[in-house]
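K.L.:
Data: query_32.cif, mmCIF, C-alpha atoms.
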data_final
loop_
_atom_site.label_atom_id
_atom_site.label_comp_id
_atom_site.auth_asym_id
_atom_site.auth_seq_id
_atom_site.Cartn_x
_atom_site.Cartn_y
_atom_site.Cartn_z
CA MET A 8 170.04 12.44 51.35
CA ASN A 9 168.18 10.15 48.98
CA GLY A 10 168.51 6.40 48.65
CA GLY A 11 169.48 5.86 52.27
CA GLU A 12 172.72 7.82 51.98
CA PRO A 13 173.97 9.15 55.33
CA SER A 14 173.61 12.87 55.89
CA LEU A 15 176.66 15.11 55.66
CA LEU A 16 176.42 15.62 59.43
CA ASN A 17 176.58 11.87 60.00
CA LEU A 18 179.53 11.54 57.63
CA ALA A 19 181.27 14.40 59.45
CA ARG A 20 180.64 12.65 62.75
CA ASP A 21 182.12 9.42 61.37
CA GLU A 22 185.19 11.32 60.12
CA ARG A 23 185.72 13.01 63.48
CA THR A 24 185.30 9.68 65.24
CA ASP A 25 188.03 8.17 63.08
CA LEU A 26 190.25 11.20 63.75
CA ALA A 27 189.71 11.04 67.51
CA GLU A 28 190.52 7.33 67.59
CA PHE A 29 193.72 7.97 65.64
CA LEU A 30 194.78 10.92 67.82
CA ALA A 31 194.42 8.72 70.90
CA THR A 32 197.31 6.58 69.58
CA LEU A 33 199.80 9.45 69.16
CA THR A 34 202.88 9.95 71.29
CA PRO A 35 203.74 13.36 72.80
CA GLN A 36 206.41 13.73 70.12
CA GLU A 37 203.90 13.08 67.34
CA TRP A 38 201.55 15.72 68.72
CA GLN A 39 204.39 18.24 68.38
CA ALA A 40 205.46 17.13 64.88
CA GLU A 41 204.97 19.43 61.89
CA SER A 42 201.80 18.81 59.90
CA LEU A 43 201.27 19.48 56.20
CA CYS A 44 199.89 22.90 57.19
CA THR A 45 202.90 25.20 57.07
CA GLY A 46 203.80 26.46 60.53
CA TRP A 47 201.29 24.26 62.34
CA THR A 48 202.07 21.23 64.45
CA VAL A 49 199.70 18.29 64.74
CA LYS A 50 198.41 19.85 67.95
CA ASP A 51 197.80 23.15 66.16
CA VAL A 52 195.78 21.40 63.46
CA VAL A 53 193.58 19.71 66.05
CA ALA A 54 193.13 23.08 67.78
CA HIS A 55 192.00 24.52 64.44
CA VAL A 56 189.54 21.69 63.79
CA ILE A 57 187.70 22.40 67.05
CA SER A 58 188.23 26.16 67.21
CA TYR A 59 184.97 27.08 65.44
CA GLU A 60 182.82 24.56 67.28
CA ASP A 61 181.44 26.82 70.00
CA LEU A 62 181.43 30.06 67.99
CA ASN A 63 178.20 31.84 67.17
CA LEU A 64 177.94 34.57 64.53
CA ALA A 65 178.96 37.29 67.00
CA GLY A 66 182.00 35.26 68.01
CA LEU A 67 182.95 34.69 64.41
CA LEU A 68 182.76 38.41 63.63
CA LYS A 69 184.90 39.14 66.68
CA ARG A 70 187.49 36.61 65.53
CA PHE A 71 187.45 38.03 62.01
CA ALA A 72 188.06 41.49 63.45
CA LYS A 73 190.88 40.25 65.64
CA GLY A 74 192.52 38.38 62.78
CA ARG A 75 191.63 40.89 60.06
CA ILE A 76 189.63 38.08 58.40
CA VAL A 77 192.57 36.42 56.60
CA HIS A 78 194.21 35.44 59.89
CA ALA A 79 191.03 34.31 61.66
CA ASN A 80 192.23 30.69 61.64
CA GLU A 81 195.45 31.64 63.39
CA VAL A 82 193.47 33.48 66.08
CA GLY A 83 191.45 30.35 66.76
CA VAL A 84 194.56 28.18 66.91
CA ARG A 85 196.20 30.52 69.42
CA GLU A 86 193.12 30.43 71.61
CA TYR A 87 192.74 26.64 71.63
CA SER A 88 196.37 25.52 71.51
CA THR A 89 196.73 26.55 75.15
CA MET A 90 194.77 23.39 75.96
CA SER A 91 196.70 20.21 76.67
CA THR A 92 196.57 17.36 74.16
CA ASP A 93 194.32 15.42 76.54
CA GLU A 94 191.97 18.40 76.78
CA LEU A 95 191.89 18.84 73.01
CA LEU A 96 191.08 15.18 72.51
CA GLU A 97 188.39 15.29 75.20
CA PHE A 98 186.83 18.35 73.54
CA LEU A 99 186.85 16.62 70.17
CA ASN A 100 185.20 13.52 71.62
CA GLN A 101 182.51 15.73 73.11
CA HIS A 102 181.89 17.34 69.70
CA LEU A 103 182.05 14.39 67.30
CA ARG A 104 178.82 15.52 65.68
CA PRO A 105 179.46 19.08 64.44
CA HIS A 106 177.24 21.85 65.65
CA GLY A 107 177.34 25.62 65.39
CA LEU A 108 179.47 26.95 62.54
CA THR A 109 181.04 23.61 61.65
CA ALA A 110 177.56 22.16 61.07
CA GLY A 111 176.99 24.79 58.37
CA PHE A 112 175.67 23.82 54.93
CA GLY A 113 174.20 20.63 56.33
CA GLY A 114 177.49 19.47 57.85
CA MET A 115 179.60 20.14 54.75
CA ILE A 116 182.03 22.39 56.61
CA GLY A 117 182.73 19.84 59.32
CA LEU A 118 183.08 16.99 56.83
CA VAL A 119 185.40 18.76 54.38
CA ASP A 120 187.52 20.45 57.05
CA GLY A 121 187.78 17.32 59.17
CA THR A 122 188.78 15.07 56.29
CA ILE A 123 191.42 17.41 54.89
CA HIS A 124 193.04 18.05 58.25
CA HIS A 125 192.91 14.38 59.22
CA GLN A 126 195.06 13.74 56.16
CA ASP A 127 197.32 16.71 56.99
CA ILE A 128 198.17 14.90 60.20
CA ARG A 129 198.40 11.35 58.90
CA ARG A 130 200.53 12.17 55.87
CA ALA A 131 202.95 14.25 57.92
CA LEU A 132 203.39 11.39 60.38
CA GLY A 133 203.71 8.73 57.67
CA ARG A 134 200.52 7.03 58.88
CA PRO A 135 198.39 6.78 55.70
CA ARG A 136 194.83 5.53 55.45
CA THR A 137 192.23 5.07 52.74
CA VAL A 138 189.53 7.72 53.09
CA PRO A 139 186.14 5.96 52.83
CA ALA A 140 184.86 6.33 49.27
CA GLN A 141 181.41 7.35 50.50
CA ARG A 142 182.91 10.44 52.14
CA LEU A 143 185.11 11.33 49.17
CA ARG A 144 182.13 11.14 46.81
CA GLN A 145 180.40 13.79 48.90
CA ILE A 146 183.46 15.99 49.46
CA LEU A 147 185.11 16.19 46.03
CA PRO A 148 182.23 17.87 44.15
CA ARG A 149 182.02 20.54 46.85
CA VAL A 150 185.67 21.64 46.72
CA PRO A 151 186.21 23.28 43.29
CA GLY A 152 183.62 26.00 43.86
CA ASN A 153 184.53 26.78 47.46
CA PRO A 154 186.31 30.17 47.48
CA ARG A 155 187.76 29.62 50.95
CA LEU A 156 189.74 26.60 49.77
CA GLY A 157 191.31 28.25 46.72
CA ALA A 158 190.83 25.22 44.51
CA GLY A 159 189.27 27.08 41.59
CA ARG A 160 192.43 28.97 40.62
CA ARG A 161 194.63 25.88 41.03
CA ILE A 162 192.57 23.64 38.76
CA LYS A 163 191.41 26.17 36.17
CA GLY A 164 191.65 24.75 32.65
CA LEU A 165 192.39 21.22 33.87
CA ARG A 166 190.44 17.97 33.85
CA LEU A 167 190.69 16.11 37.17
CA ARG A 168 189.91 12.39 37.26
CA ALA A 169 190.01 10.05 40.23
CA ASN A 170 191.30 6.55 39.51
CA ASP A 171 189.86 4.87 42.59
CA ILE A 172 186.29 6.25 42.67
CA GLU A 173 183.88 7.65 40.08
CA TRP A 174 184.65 11.38 40.04
CA GLY A 175 185.83 13.90 37.50
CA HIS A 176 185.77 17.66 37.12
CA GLY A 177 186.62 20.28 34.52
CA SER A 178 188.04 20.14 31.02
CA GLY A 179 191.52 20.43 29.60
CA PRO A 180 194.77 18.52 30.14
CA GLU A 181 194.06 15.59 32.45
CA VAL A 182 195.26 15.20 36.03
CA ILE A 183 194.86 11.68 37.42
CA GLY A 184 195.20 10.29 40.93
CA THR A 185 193.37 8.93 43.92
CA GLY A 186 190.42 10.92 45.18
CA GLU A 187 192.33 11.67 48.37
CA ALA A 188 195.38 12.98 46.51
CA LEU A 189 193.23 15.12 44.22
CA LEU A 190 191.40 16.55 47.24
CA LEU A 191 194.62 17.52 48.97
CA ALA A 192 196.25 18.86 45.81
CA MET A 193 193.22 21.03 45.08
CA THR A 194 193.50 22.49 48.57
CA GLY A 195 197.20 23.27 48.28
CA ARG A 196 199.08 20.26 49.63
CA ARG A 197 202.20 19.84 47.51
CA GLN A 198 203.01 16.36 48.83
CA ALA A 199 199.77 15.07 47.33
CA ALA A 200 200.17 17.04 44.09
CA GLU A 201 203.50 15.32 43.49
CA GLU A 202 201.69 11.96 43.36
CA LEU A 203 199.43 12.93 40.46
CA THR A 204 199.97 11.95 36.84
CA GLY A 205 198.64 13.00 33.46
CA GLU A 206 199.33 15.76 30.98
CA GLY A 207 198.11 18.47 33.34
CA ALA A 208 199.85 17.25 36.50
CA THR A 209 202.88 19.53 36.16
CA THR A 210 200.60 22.54 35.67
CA LEU A 211 198.69 21.79 38.85
CA LEU A 212 201.90 21.15 40.77
CA ALA A 213 203.26 24.53 39.69
CA ARG A 214 200.14 26.20 41.08
CA VAL A 215 200.33 24.56 44.50
#
Represent the structure of the file as structure tokens.

P.N.:
Amino acid sequence: MNGGEPSLLNLARDERTDLAEFLATLTPQEWQAESLCTGWTVKDVVAHVISYEDLNLAGLLKRFAKGRIVHANEVGVREYSTMSTDELLEFLNQHLRPHGLTAGFGGMIGLVDGTIHHQDIRRALGRPRTVPAQRLRQILPRVPGNPRLGAGRRIKGLRLRANDIEWGHGSGPEVIGTGEALLLAMTGRRQAAEELTGEGATTLLARV
């Protein structure tokens, strides 16, 4: 990046480092708690975060075939959730800097995925944090056009505006909130959508 900005890969590494340090503080009960991802525990979410790390293209195609594409994530979770929590954490610590598929698009996949799922865990456990603004500024512009995240249909015809960092997107009735809440609402997290304000907030909430 220009102007001395860290690369997306370095930001993804920093995010994973923060996640690993947080996971190391969890109790066995917290690992088994429900996350914001419906049907997934905290342990399942961590399994998902690392499940694409060692996949090559052939492995990805095999997983898509096994999961009929739309359930590929569930296939990965099943494969990696057999690991113990200590093993999952050790694996994550050995893969703090994304490589393989999660290093795709210059590290964008690892950064976006890691940040969203870190919040899925923290919010579910009532352990909030402030996502570093530097990371949010790189993530938020990349979410609306990502078809895998489904944000485009949720925010169509709305103007999103962060009130803690410089970021806005779209036109129409305004939806206002923190960058973190907007990120999670765009990607389908109702808890975050309920925190948003503005004329368009109820429309977005109804779409989540």

K.L.:
Looking at A:Thr185, A:Ser178, A:Ser88, A:Thr210, which one is nearest to Leu143 in chain A, with distances taken over all atoms listed in the file?

P.N.:
A:Thr185

K.L.:
Using only C-alpha atoms, can you tell me which of A:Glu60, A:Asp93, A:Asp127, A:Glu187 comes closest to His106 in chain A?

P.N.:
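Result for the nearest residue to His106 in chain A: A:Glu60.
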
K.L.:
A:Arg144, A:Thr24, A:Ala54, A:Glu37: which is nearest Leu132 in chain A, counting only C-alpha atoms?

P.N.:
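Once distances to Leu132 in chain A are computed over only C-alpha atoms, the minimum belongs to A:Glu37.
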
K.L.:
If the PyMOL selection byres ((chain A and resi 180) around 8) were run on this exact file, what residues would it hold? Put them as a list in words.

P.N.:
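In the shown coordinates, the PyMOL selection byres ((chain A and resi 180) around 8) covers Gly164, Leu165, Arg166, Ser178, Gly179, Glu181, Val182, Gly205, Glu206 and Gly207 of chain A.
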
K.L.:
Quick one: which residues end up in the PyMOL selection byres ((chain A and resi 41) around 10) for this structure, as a PyMOL selection string?

P.N.:
chain A and resi 37-40+42-52+127-128+131-132

K.L.:
For CA of Gly117 in chain A and CA of Leu103 in chain A, determine how far apart the two atoms are, in Å to one decimal place.

P.N.:
9.7 Å

K.L.:
Choose the residue, out of A:Asn153, A:Gln145, A:Thr137, A:Thr32, that has the smallest atom-to-atom separation from Ala188 in chain A; count only C-alpha atoms.

P.N.:
A:Thr137

K.L.:
Of the candidates A:Ile116, A:Ala200, A:Gly107, A:Leu95, which one gets nearest to Ile146 in chain A if we count all atoms listed in the file?

P.N.:
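Among the listed residues, the smallest separation from Ile146 in chain A belongs to A:Ile116.
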
K.L.:
Quick one: distance from CA of Leu189 in chain A to CA of Asp25 in chain A in Å, one decimal?

P.N.:
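Computing it gives 20.8 Å between the two atoms.
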
K.L.:
How many Å lie between CA of Arg20 in chain A and CA of Gly121 in chain A, rounded to one decimal?

P.N.:
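We find that CA of Arg20 in chain A and CA of Gly121 in chain A lie 9.3 Å from each other.
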